[in-house]
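Colleague: File query01.cif follows (mmCIF, C-alpha atoms and all ligand atoms):
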```cif
data_input
loop_
_atom_site.group_PDB
_atom_site.id
_atom_site.type_symbol
_atom_site.label_atom_id
_atom_site.label_comp_id
_atom_site.auth_asym_id
_atom_site.auth_seq_id
_atom_site.Cartn_x
_atom_site.Cartn_y
_atom_site.Cartn_z
ATOM 1 C CA MET A 1433 -8.839 -21.368 -22.506
ATOM 2 C CA ASP A 1434 -5.880 -22.888 -20.669
ATOM 3 C CA PHE A 1435 -4.772 -19.685 -18.954
ATOM 4 C CA PRO A 1436 -1.290 -20.777 -17.788
ATOM 5 C CA SER A 1437 -0.310 -22.075 -21.217
ATOM 6 C CA ARG A 1438 -1.181 -18.702 -22.770
ATOM 7 C CA TYR A 1439 -0.220 -16.309 -19.937
ATOM 8 C CA GLY A 1440 1.821 -18.426 -17.535
ATOM 9 C CA PRO A 1441 3.654 -19.593 -15.691
ATOM 10 C CA MET A 1442 3.804 -16.499 -13.442
ATOM 11 C CA ALA A 1443 1.632 -13.365 -13.256
ATOM 12 C CA MET A 1444 2.868 -10.175 -11.655
ATOM 13 C CA VAL A 1445 0.153 -8.161 -9.912
ATOM 14 C CA THR A 1446 1.014 -4.669 -8.711
ATOM 15 C CA GLY A 1447 -1.144 -3.311 -5.904
ATOM 16 C CA ALA A 1448 -1.991 -6.824 -4.698
ATOM 17 C CA SER A 1449 -2.409 -5.871 -1.038
ATOM 18 C CA ALA A 1450 -5.939 -4.479 -1.457
ATOM 19 C CA GLY A 1451 -8.929 -3.917 -3.720
ATOM 20 C CA LEU A 1452 -8.786 -5.064 -7.319
ATOM 21 C CA GLY A 1453 -5.225 -6.385 -6.998
ATOM 22 C CA LEU A 1454 -6.253 -8.737 -4.204
ATOM 23 C CA HIS A 1455 -8.973 -10.170 -6.447
ATOM 24 C CA TYR A 1456 -6.550 -10.520 -9.367
ATOM 25 C CA ALA A 1457 -4.351 -12.594 -7.072
ATOM 26 C CA HIS A 1458 -7.263 -14.859 -6.012
ATOM 27 C CA GLN A 1459 -8.671 -15.371 -9.514
ATOM 28 C CA LEU A 1460 -5.296 -15.929 -11.185
ATOM 29 C CA ALA A 1461 -4.284 -18.397 -8.477
ATOM 30 C CA ALA A 1462 -7.528 -20.284 -9.057
ATOM 31 C CA LYS A 1463 -6.532 -20.538 -12.738
ATOM 32 C CA GLY A 1464 -3.265 -22.205 -11.714
ATOM 33 C CA MET A 1465 -0.962 -19.203 -12.221
ATOM 34 C CA ASP A 1466 2.138 -18.667 -10.091
ATOM 35 C CA LEU A 1467 2.188 -15.148 -8.683
ATOM 36 C CA CYS A 1468 4.504 -12.288 -7.900
ATOM 37 C CA LEU A 1469 2.618 -9.912 -5.608
ATOM 38 C CA VAL A 1470 3.805 -6.304 -5.407
ATOM 39 C CA ALA A 1471 2.760 -3.506 -3.009
ATOM 40 C CA ARG A 1472 4.200 -1.588 -0.060
ATOM 41 C CA ARG A 1473 2.429 -3.437 2.797
ATOM 42 C CA LEU A 1474 4.397 -6.660 3.217
ATOM 43 C CA ASP A 1475 2.201 -8.002 6.062
ATOM 44 C CA ARG A 1476 -0.837 -7.988 3.792
ATOM 45 C CA LEU A 1477 1.070 -9.571 0.892
ATOM 46 C CA GLU A 1478 2.420 -12.347 3.111
ATOM 47 C CA GLU A 1479 -1.005 -13.112 4.563
ATOM 48 C CA LEU A 1480 -2.453 -13.314 1.045
ATOM 49 C CA ALA A 1481 0.439 -15.466 -0.199
ATOM 50 C CA GLU A 1482 0.038 -17.908 2.699
ATOM 51 C CA ASN A 1483 -3.682 -18.173 2.059
ATOM 52 C CA LEU A 1484 -3.147 -18.852 -1.679
ATOM 53 C CA ARG A 1485 -0.316 -21.353 -1.144
ATOM 54 C CA GLY A 1486 -2.628 -23.221 1.249
ATOM 55 C CA LYS A 1487 -5.389 -23.439 -1.354
ATOM 56 C CA TYR A 1488 -3.516 -23.997 -4.620
ATOM 57 C CA ALA A 1489 -0.336 -25.750 -5.708
ATOM 58 C CA ILE A 1490 1.339 -22.557 -6.897
ATOM 59 C CA GLU A 1491 4.461 -20.515 -6.195
ATOM 60 C CA VAL A 1492 3.793 -17.067 -4.700
ATOM 61 C CA LEU A 1493 6.492 -14.409 -4.340
ATOM 62 C CA CYS A 1494 5.993 -11.258 -2.274
ATOM 63 C CA CYS A 1495 7.793 -8.092 -3.243
ATOM 64 C CA ALA A 1496 7.312 -5.165 -0.859
ATOM 65 C CA VAL A 1497 8.338 -2.034 -2.736
ATOM 66 C CA ASP A 1498 7.187 1.502 -3.207
ATOM 67 C CA LEU A 1499 6.759 1.476 -6.981
ATOM 68 C CA THR A 1500 7.506 5.189 -7.189
ATOM 69 C CA SER A 1501 11.013 4.723 -5.780
ATOM 70 C CA PRO A 1502 13.836 4.923 -8.352
ATOM 71 C CA ASP A 1503 15.082 1.352 -7.790
ATOM 72 C CA ALA A 1504 11.623 -0.288 -7.696
ATOM 73 C CA ILE A 1505 11.846 -2.101 -11.037
ATOM 74 C CA SER A 1506 15.335 -3.465 -10.446
ATOM 75 C CA THR A 1507 14.286 -4.682 -6.971
ATOM 76 C CA ILE A 1508 11.341 -6.531 -8.527
ATOM 77 C CA GLN A 1509 13.510 -7.986 -11.311
ATOM 78 C CA GLU A 1510 15.961 -9.254 -8.709
ATOM 79 C CA ALA A 1511 13.143 -10.897 -6.723
ATOM 80 C CA VAL A 1512 11.774 -12.565 -9.867
ATOM 81 C CA GLY A 1513 15.184 -13.861 -10.967
ATOM 82 C CA HIS A 1514 15.008 -16.458 -13.753
ATOM 83 C CA ARG A 1515 11.224 -16.957 -13.526
ATOM 84 C CA GLU A 1516 9.089 -16.202 -16.595
ATOM 85 C CA ILE A 1517 6.478 -13.482 -16.164
ATOM 86 C CA GLY A 1518 3.741 -14.271 -18.689
ATOM 87 C CA LEU A 1519 1.184 -11.738 -17.452
ATOM 88 C CA LEU A 1520 1.677 -8.260 -16.060
ATOM 89 C CA VAL A 1521 -1.264 -6.684 -14.247
ATOM 90 C CA ALA A 1522 -0.408 -2.975 -13.943
ATOM 91 C CA ASN A 1523 -2.966 -2.271 -11.274
ATOM 92 C CA ALA A 1524 -1.375 -0.172 -8.490
ATOM 93 C CA GLY A 1525 -2.673 3.365 -8.589
ATOM 94 C CA PHE A 1526 -4.364 6.058 -6.583
ATOM 95 C CA GLY A 1527 -6.468 9.171 -7.015
ATOM 96 C CA ALA A 1528 -7.056 12.339 -5.002
ATOM 97 C CA LYS A 1529 -10.253 14.330 -4.813
ATOM 98 C CA GLY A 1530 -10.344 18.102 -4.375
ATOM 99 C CA ALA A 1531 -9.616 21.372 -6.111
ATOM 100 C CA PHE A 1532 -6.359 21.386 -8.071
ATOM 101 C CA LEU A 1533 -5.143 24.648 -6.548
ATOM 102 C CA GLU A 1534 -5.557 23.240 -3.039
ATOM 103 C CA ALA A 1535 -3.793 19.959 -3.853
ATOM 104 C CA ASP A 1536 -0.254 19.063 -2.884
ATOM 105 C CA ALA A 1537 2.098 19.272 -5.875
ATOM 106 C CA ASP A 1538 4.181 16.284 -4.719
ATOM 107 C CA THR A 1539 1.060 14.116 -4.361
ATOM 108 C CA ASN A 1540 0.054 14.933 -7.928
ATOM 109 C CA ALA A 1541 3.568 14.198 -9.208
ATOM 110 C CA GLN A 1542 3.536 10.828 -7.360
ATOM 111 C CA MET A 1543 0.151 10.014 -8.865
ATOM 112 C CA ILE A 1544 1.429 10.630 -12.392
ATOM 113 C CA GLN A 1545 4.508 8.544 -11.567
ATOM 114 C CA LEU A 1546 2.529 5.590 -10.145
ATOM 115 C CA ASN A 1547 -0.412 5.631 -12.574
ATOM 116 C CA CYS A 1548 1.505 6.378 -15.805
ATOM 117 C CA VAL A 1549 5.302 6.196 -15.591
ATOM 118 C CA VAL A 1550 5.478 2.977 -13.532
ATOM 119 C CA PRO A 1551 3.299 0.891 -15.932
ATOM 120 C CA VAL A 1552 5.460 2.098 -18.843
ATOM 121 C CA LEU A 1553 8.684 1.148 -17.022
ATOM 122 C CA MET A 1554 7.209 -2.228 -16.020
ATOM 123 C CA ALA A 1555 6.180 -2.865 -19.618
ATOM 124 C CA HIS A 1556 9.700 -2.054 -20.837
ATOM 125 C CA ALA A 1557 11.063 -4.541 -18.315
ATOM 126 C CA PHE A 1558 8.605 -7.414 -18.809
ATOM 127 C CA LEU A 1559 7.075 -7.251 -22.317
ATOM 128 C CA PRO A 1560 10.197 -7.904 -24.451
ATOM 129 C CA PRO A 1561 10.713 -11.444 -23.043
ATOM 130 C CA MET A 1562 7.006 -12.171 -23.681
ATOM 131 C CA VAL A 1563 7.334 -11.041 -27.299
ATOM 132 C CA ALA A 1564 10.470 -13.181 -27.657
ATOM 133 C CA ARG A 1565 8.505 -16.213 -26.378
ATOM 134 C CA GLY A 1566 5.549 -15.365 -28.639
ATOM 135 C CA ARG A 1567 2.980 -15.355 -25.844
ATOM 136 C CA GLY A 1568 1.870 -13.314 -22.852
ATOM 137 C CA GLY A 1569 -0.330 -10.444 -21.768
ATOM 138 C CA MET A 1570 -0.668 -7.173 -19.918
ATOM 139 C CA ILE A 1571 -3.737 -5.713 -18.220
ATOM 140 C CA VAL A 1572 -3.660 -1.994 -17.422
ATOM 141 C CA LEU A 1573 -6.121 -0.470 -14.975
ATOM 142 C CA ALA A 1574 -7.587 2.566 -16.730
ATOM 143 C CA SER A 1575 -11.004 3.920 -15.686
ATOM 144 C CA THR A 1576 -14.263 5.395 -16.910
ATOM 145 C CA ALA A 1577 -12.587 8.616 -15.717
ATOM 146 C CA ALA A 1578 -10.708 8.437 -19.038
ATOM 147 C CA TYR A 1579 -13.814 9.219 -21.091
ATOM 148 C CA GLN A 1580 -14.314 12.850 -20.025
ATOM 149 C CA ALA A 1581 -12.511 15.475 -17.980
ATOM 150 C CA THR A 1582 -12.879 14.889 -14.235
ATOM 151 C CA PRO A 1583 -12.883 18.321 -12.525
ATOM 152 C CA PHE A 1584 -11.892 18.118 -8.838
ATOM 153 C CA MET A 1585 -10.035 14.922 -9.747
ATOM 154 C CA SER A 1586 -8.487 16.408 -12.833
ATOM 155 C CA VAL A 1587 -4.964 14.978 -12.555
ATOM 156 C CA TYR A 1588 -6.305 11.491 -11.778
ATOM 157 C CA GLY A 1589 -8.625 11.518 -14.814
ATOM 158 C CA ALA A 1590 -5.755 12.659 -17.027
ATOM 159 C CA THR A 1591 -3.553 9.765 -15.821
ATOM 160 C CA LYS A 1592 -6.298 7.331 -16.815
ATOM 161 C CA VAL A 1593 -6.576 8.880 -20.301
ATOM 162 C CA PHE A 1594 -2.874 8.114 -20.624
ATOM 163 C CA ASP A 1595 -3.395 4.503 -19.475
ATOM 164 C CA LEU A 1596 -6.291 3.979 -21.900
ATOM 165 C CA HIS A 1597 -4.636 5.468 -24.985
ATOM 166 C CA TRP A 1598 -1.268 3.880 -24.281
ATOM 167 C CA SER A 1599 -2.831 0.409 -23.885
ATOM 168 C CA GLU A 1600 -4.940 0.774 -27.023
ATOM 169 C CA GLY A 1601 -1.842 1.858 -28.933
ATOM 170 C CA LEU A 1602 0.191 -1.088 -27.649
ATOM 171 C CA THR A 1603 -2.610 -3.514 -28.577
ATOM 172 C CA GLN A 1604 -2.136 -2.485 -32.200
ATOM 173 C CA GLU A 1605 1.673 -2.432 -32.048
ATOM 174 C CA LEU A 1606 1.813 -5.950 -30.590
ATOM 175 C CA ARG A 1607 -0.735 -7.459 -32.983
ATOM 176 C CA GLY A 1608 0.624 -10.761 -34.292
ATOM 177 C CA THR A 1609 3.252 -11.139 -31.542
ATOM 178 C CA GLY A 1610 1.098 -13.401 -29.349
ATOM 179 C CA VAL A 1611 1.103 -10.761 -26.569
ATOM 180 C CA ASP A 1612 -2.319 -9.347 -25.651
ATOM 181 C CA VAL A 1613 -2.801 -5.924 -24.041
ATOM 182 C CA LEU A 1614 -6.055 -4.828 -22.430
ATOM 183 C CA ALA A 1615 -7.095 -1.622 -20.669
ATOM 184 C CA ILE A 1616 -9.933 -2.334 -18.260
ATOM 185 C CA CYS A 1617 -12.078 0.685 -17.400
ATOM 186 C CA PRO A 1618 -14.041 0.225 -14.187
ATOM 187 C CA GLY A 1619 -16.456 2.821 -12.869
ATOM 188 C CA SER A 1620 -16.777 3.313 -9.109
ATOM 189 C CA THR A 1621 -15.740 0.024 -7.528
ATOM 190 C CA ASP A 1622 -15.903 -1.012 -3.895
ATOM 191 C CA THR A 1623 -12.242 -0.892 -2.790
ATOM 192 C CA GLU A 1624 -10.009 1.242 -0.572
ATOM 193 C CA PHE A 1625 -9.551 3.628 -3.519
ATOM 194 C CA HIS A 1626 -12.215 6.098 -2.333
ATOM 195 C CA ALA A 1627 -10.880 6.348 1.225
ATOM 196 C CA VAL A 1628 -7.356 6.866 -0.144
ATOM 197 C CA ALA A 1629 -8.655 9.502 -2.587
ATOM 198 C CA GLY A 1630 -10.268 11.375 0.294
ATOM 199 C CA GLY A 1631 -13.945 11.157 -0.482
ATOM 200 C CA VAL A 1632 -16.862 8.904 -1.241
ATOM 201 C CA ALA A 1633 -17.576 7.253 -4.568
ATOM 202 C CA THR A 1634 -19.443 9.065 -7.320
ATOM 203 C CA GLY A 1635 -22.582 7.237 -8.441
ATOM 204 C CA LEU A 1636 -25.024 5.331 -6.311
ATOM 205 C CA LYS A 1637 -23.997 1.720 -6.762
ATOM 206 C CA MET A 1638 -20.418 0.573 -6.689
ATOM 207 C CA ALA A 1639 -19.252 -2.441 -8.690
ATOM 208 C CA LYS A 1640 -17.827 -5.494 -6.971
ATOM 209 C CA PRO A 1641 -14.063 -5.719 -7.571
ATOM 210 C CA GLU A 1642 -14.283 -9.460 -8.268
ATOM 211 C CA ASP A 1643 -16.681 -8.785 -11.187
ATOM 212 C CA VAL A 1644 -14.331 -6.202 -12.720
ATOM 213 C CA VAL A 1645 -11.409 -8.618 -12.455
ATOM 214 C CA ARG A 1646 -13.382 -11.522 -13.941
ATOM 215 C CA LEU A 1647 -14.423 -9.423 -16.954
ATOM 216 C CA SER A 1648 -10.866 -8.269 -17.636
ATOM 217 C CA LEU A 1649 -9.484 -11.818 -17.524
ATOM 218 C CA GLN A 1650 -12.208 -12.937 -19.953
ATOM 219 C CA ARG A 1651 -11.558 -10.033 -22.346
ATOM 220 C CA LEU A 1652 -7.745 -10.082 -22.273
ATOM 221 C CA PRO A 1653 -7.383 -12.221 -25.446
ATOM 222 C CA ARG A 1654 -9.380 -9.629 -27.412
ATOM 223 C CA GLY A 1655 -7.110 -6.764 -26.341
ATOM 224 C CA GLY A 1656 -7.979 -3.080 -26.734
ATOM 225 C CA SER A 1657 -10.173 -1.733 -23.963
ATOM 226 C CA THR A 1658 -13.271 -2.769 -22.081
ATOM 227 C CA VAL A 1659 -15.602 -0.710 -19.896
ATOM 228 C CA HIS A 1660 -17.112 -2.582 -16.959
ATOM 229 C CA GLY A 1661 -20.873 -2.321 -16.380
ATOM 230 C CA TRP A 1662 -23.685 -1.590 -18.852
ATOM 231 C CA TRP A 1663 -24.433 1.894 -17.475
ATOM 232 C CA ASN A 1664 -20.749 2.837 -17.637
ATOM 233 C CA ARG A 1665 -20.676 1.569 -21.227
ATOM 234 C CA VAL A 1666 -23.703 3.726 -22.117
ATOM 235 C CA MET A 1667 -22.131 6.791 -20.477
ATOM 236 C CA SER A 1668 -18.689 6.352 -22.020
ATOM 237 C CA PHE A 1669 -20.175 5.727 -25.465
ATOM 238 C CA GLY A 1670 -22.638 8.620 -25.080
ATOM 239 C CA ASN A 1671 -19.791 10.981 -24.235
ATOM 240 C CA ARG A 1672 -18.603 10.696 -27.843
ATOM 241 C CA PHE A 1673 -21.690 12.611 -28.967
ATOM 242 C CA ALA A 1674 -21.886 15.218 -26.180
ATOM 243 C CA PRO A 1675 -19.929 18.477 -26.320
ATOM 244 C CA ARG A 1676 -16.764 17.958 -24.244
ATOM 245 C CA ARG A 1677 -17.566 21.061 -22.177
ATOM 246 C CA LEU A 1678 -20.964 19.583 -21.219
ATOM 247 C CA SER A 1679 -19.444 16.212 -20.218
ATOM 248 C CA ALA A 1680 -16.903 18.032 -18.053
ATOM 249 C CA ALA A 1681 -19.610 20.168 -16.417
ATOM 250 C CA VAL A 1682 -21.716 17.080 -15.570
ATOM 251 C CA ALA A 1683 -18.637 15.329 -14.153
ATOM 252 C CA ALA A 1684 -17.836 18.421 -12.059
ATOM 253 C CA ARG A 1685 -21.314 18.325 -10.553
ATOM 254 C CA LEU A 1686 -21.171 14.587 -9.782
ATOM 255 C CA ILE A 1687 -17.722 14.764 -8.182
ATOM 256 C CA GLN A 1688 -18.573 17.909 -6.160
ATOM 257 C CA ASP A 1689 -21.777 16.258 -4.924
ATOM 258 C CA SER A 1690 -19.814 13.193 -3.807
ATOM 259 C CA GLN A 1691 -17.346 15.438 -1.956
ATOM 260 C CA GLU A 1692 -20.189 17.159 -0.127
ATOM 261 C CA ARG A 1693 -21.490 13.738 0.951
ATOM 262 C CA ALA A 1694 -18.032 12.761 2.278
HETATM 263 N N1 LIG A 1701 -11.928 1.543 -7.130
HETATM 264 C C1 LIG A 1701 -12.369 2.275 -8.142
HETATM 265 O O1 LIG A 1701 -13.465 2.887 -8.077
HETATM 266 C C2 LIG A 1701 -11.546 2.340 -9.420
HETATM 267 C C3 LIG A 1701 -12.191 2.755 -10.585
HETATM 268 C C4 LIG A 1701 -11.460 2.831 -11.759
HETATM 269 C C5 LIG A 1701 -10.126 2.490 -11.778
HETATM 270 N N2 LIG A 1701 -9.510 2.091 -10.634
HETATM 271 C C6 LIG A 1701 -8.076 1.772 -10.693
HETATM 272 O O2 LIG A 1701 -7.872 0.478 -10.197
HETATM 273 C C7 LIG A 1701 -6.538 0.358 -9.691
HETATM 274 C C8 LIG A 1701 -6.561 -0.340 -8.342
HETATM 275 O O3 LIG A 1701 -7.262 0.481 -7.432
HETATM 276 P P1 LIG A 1701 -8.159 -0.099 -6.245
HETATM 277 O O4 LIG A 1701 -9.521 0.409 -6.476
HETATM 278 O O5 LIG A 1701 -7.949 -1.552 -6.077
HETATM 279 O O6 LIG A 1701 -7.524 0.743 -5.035
HETATM 280 P P2 LIG A 1701 -6.984 0.279 -3.596
HETATM 281 O O7 LIG A 1701 -7.943 -0.654 -2.957
HETATM 282 O O8 LIG A 1701 -6.645 1.557 -2.903
HETATM 283 O O9 LIG A 1701 -5.636 -0.521 -3.957
HETATM 284 C C9 LIG A 1701 -4.505 0.154 -4.460
HETATM 285 C C10 LIG A 1701 -3.320 -0.790 -4.427
HETATM 286 O O10 LIG A 1701 -2.174 -0.085 -4.955
HETATM 287 C C11 LIG A 1701 -1.086 -0.254 -4.044
HETATM 288 N N3 LIG A 1701 -0.217 0.921 -4.084
HETATM 289 C C12 LIG A 1701 -0.572 2.212 -3.883
HETATM 290 N N4 LIG A 1701 0.510 3.000 -3.949
HETATM 291 C C13 LIG A 1701 1.583 2.183 -4.180
HETATM 292 C C14 LIG A 1701 2.967 2.403 -4.343
HETATM 293 N N5 LIG A 1701 3.505 3.635 -4.269
HETATM 294 N N6 LIG A 1701 3.783 1.336 -4.547
HETATM 295 C C15 LIG A 1701 3.257 0.087 -4.606
HETATM 296 N N7 LIG A 1701 1.950 -0.188 -4.483
HETATM 297 C C16 LIG A 1701 1.117 0.865 -4.270
HETATM 298 C C17 LIG A 1701 -1.751 -0.403 -2.674
HETATM 299 O O11 LIG A 1701 -0.927 -1.152 -1.788
HETATM 300 P P3 LIG A 1701 0.004 -0.560 -0.622
HETATM 301 O O12 LIG A 1701 -0.738 0.575 0.007
HETATM 302 O O13 LIG A 1701 0.199 -1.745 0.266
HETATM 303 O O14 LIG A 1701 1.259 -0.139 -1.312
HETATM 304 C C18 LIG A 1701 -2.961 -1.255 -3.035
HETATM 305 O O15 LIG A 1701 -2.607 -2.604 -3.073
HETATM 306 C C19 LIG A 1701 -5.971 1.778 -9.673
HETATM 307 O O16 LIG A 1701 -5.103 1.947 -10.767
HETATM 308 C C20 LIG A 1701 -7.198 2.655 -9.830
HETATM 309 O O17 LIG A 1701 -6.894 3.883 -10.473
HETATM 310 C C21 LIG A 1701 -10.197 2.007 -9.453
#
```
Render the structure in this file as structure tokens.
Ligand SMILES: NC(=O)c1ccc[n+]([C@@H]2O[C@H](COP(=O)([O-])OP(=O)(O)OC[C@H]3O[C@@H](n4cnc5c(N)ncnc54)[C@H](OP(=O)(O)O)[C@@H]3O)[C@@H](O)[C@H]2O)c1

Modeller:
Amino acid sequence: MDFPSRYGPMAMVTGASAGLGLHYAHQLAAKGMDLCLVARRLDRLEELAENLRGKYAIEVLCCAVDLTSPDAISTIQEAVGHREIGLLVANAGFGAKGAFLEADADTNAQMIQLNCVVPVLMAHAFLPPMVARGRGGMIVLASTAAYQATPFMSVYGATKVFDLHWSEGLTQELRGTGVDVLAICPGSTDTEFHAVAGGVATGLKMAKPEDVVRLSLQRLPRGGSTVHGWWNRVMSFGNRFAPRRLSAAVAARLIQDSQERA
């Protein structure tokens, strides 16, 4: 597939300063896509942009914004100007481990804002022009956390249920428009996520972020949702047949164990 002719000329990657977003930037640049990189840490974005401009003949914009701020979307739109965004990667997000009653209410509200409200606002801003052009795509970072309750990360898991169901709904709504929507559901992946969330990863082996990104770019034309990793696929499929209470109890044990190891 000629990626730029279907999803070009420019991809916007939120959360491009680290983890999965950084790998989206590298892999999309290698496919010949221009980039608009969004995150709060400008130094990291500029270093990445310089590196990519040196390797590929592409345009790279850096947009340092806190996506949870009220004027974030308009700031990004101003930076993009007349350029066509053909792919939106709604990747920026964070989680927090620990008991709900001990958590900070503002942190939880910010998490819901960043993981759920921001992708919806970004989609309102950038999908209509794609539909008008009859081509484009959006990748939303959901998670295997969307397939069962995640006690001791309960708000995070609930945000990822939102991301998964919203993306699957949009896939159907946009059928026939030429715009593809995919929710990618990684399990534990080796990024800064776990340090930010205040704990260690659940599970023994973490996925490589570059593998998660590669799979999502391959699967984007199909739309819907994709779980990364065969074991994660078995677990998320198996959850359909287990009583929800049992799945939640197993998740509680796994997450508590990982907190004790932290
Ligand atoms: N890693 C995993 O195990 C895993 C598993 C399933 C799903 N996911 C999902 O994958 C996505 C990416 O996570 P990751 O693993 O790559 O985590 P990460 O390494 O911590 O990267 C998170 C990115 O989001 C940006 N970000 C955070 N808050 C922001 C804000 N308020 N405004 C703008 N940018 C912000 C960060 O940049 P700045 O700090 O510079 O702003 C960073 O670039 C998230 O949606 C996460 O829920 C991760």

Colleague: Specify as number ranges by chain each residue included when the PyMOL selection byres (((chain A and resi 1477) around 10) and not hetatm) is applied to this file.

Modeller: A: 1447-1450, 1454, 1468-1476, 1478-1483, 1492-1496

Colleague: Starting from the point (-3.8, 2.8, -7.8), work out which residues of protein, DNA or RNA have an atom no more than 10 Å away when counting only C-alpha atoms; state them as a PyMOL selection string.

Modeller: chain A and resi 1446-1447+1450-1453+1522-1527+1543+1546-1547+1573-1574+1588+1624-1625+1628-1629

Colleague: Looking at only C-alpha atoms and all ligand atoms, which of A:Val1666, A:Val1611, A:Ala1674, A:Val1521 is the one that sits closest to ligand LIG 1701 (chain A)?

Modeller: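 Smallest separation from ligand LIG 1701 (chain A) among the options: A:Val1521.
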
Colleague: Any idea what the distance is between atom C20 of ligand LIG 1701 (chain A) and atom CA of A:Val1682?

Modeller: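 Separating atom C20 of ligand LIG 1701 (chain A) from atom CA of A:Val1682 is a distance of 21.3 Å.
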
Colleague: For a quick check of understanding, using all atoms listed in the file, which of A:Ser1690, A:Ser1437, A:Ser1648, A:Gln1542 has the smallest distance to ligand LIG 1701 (chain A)?

Modeller: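 Using all atoms listed in the file, ligand LIG 1701 (chain A) sits closest to A:Gln1542.
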
Colleague: List the residues matched by the PyMOL selection byres (((chain A and resi 1518) around 7) and not hetatm) in the displayed structure as a PDB file with C-alpha atoms, in the frame of the given file, ordered by chain and then by residue number.

Modeller:
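Once everything was written out, this is part.pdb:
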```pdb
ATOM      1  CA  TYR A1439      -0.220 -16.309 -19.937  1.00  0.00           C
ATOM      2  CA  GLY A1440       1.821 -18.426 -17.535  1.00  0.00           C
ATOM      3  CA  PRO A1441       3.654 -19.593 -15.691  1.00  0.00           C
ATOM      4  CA  MET A1442       3.804 -16.499 -13.442  1.00  0.00           C
ATOM      5  CA  ALA A1443       1.632 -13.365 -13.256  1.00  0.00           C
ATOM      6  CA  GLU A1516       9.089 -16.202 -16.595  1.00  0.00           C
ATOM      7  CA  ILE A1517       6.478 -13.482 -16.164  1.00  0.00           C
ATOM      8  CA  LEU A1519       1.184 -11.738 -17.452  1.00  0.00           C
ATOM      9  CA  LEU A1520       1.677  -8.260 -16.060  1.00  0.00           C
ATOM     10  CA  MET A1562       7.006 -12.171 -23.681  1.00  0.00           C
ATOM     11  CA  GLY A1568       1.870 -13.314 -22.852  1.00  0.00           C
ATOM     12  CA  GLY A1569      -0.330 -10.444 -21.768  1.00  0.00           C
TER      13      GLY A1569
END
```

Colleague: Name the residues that the PyMOL selection byres (((chain A and resi 1576) around 8) and not hetatm) pulls out of this structure, and write them as a short mmCIF file (atom, residue, chain, number, x, y, z; two decimals) with C-alpha atoms, keeping the file's coordinate frame.

Modeller:
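Below is the file selection.cif, written as the result:
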```cif
data_model
loop_
_atom_site.label_atom_id
_atom_site.label_comp_id
_atom_site.auth_asym_id
_atom_site.auth_seq_id
_atom_site.Cartn_x
_atom_site.Cartn_y
_atom_site.Cartn_z
CA ALA A 1574 -7.59 2.57 -16.73
CA SER A 1575 -11.00 3.92 -15.69
CA ALA A 1577 -12.59 8.62 -15.72
CA ALA A 1578 -10.71 8.44 -19.04
CA TYR A 1579 -13.81 9.22 -21.09
CA CYS A 1617 -12.08 0.68 -17.40
CA PRO A 1618 -14.04 0.22 -14.19
CA GLY A 1619 -16.46 2.82 -12.87
CA VAL A 1659 -15.60 -0.71 -19.90
CA ASN A 1664 -20.75 2.84 -17.64
CA SER A 1668 -18.69 6.35 -22.02
#
```

Colleague: Suppose you want the space between atom CA of A:Ala1557 and atom C5 of ligand LIG 1701 (chain A); what is it in Å?

Modeller: 23.3 Å
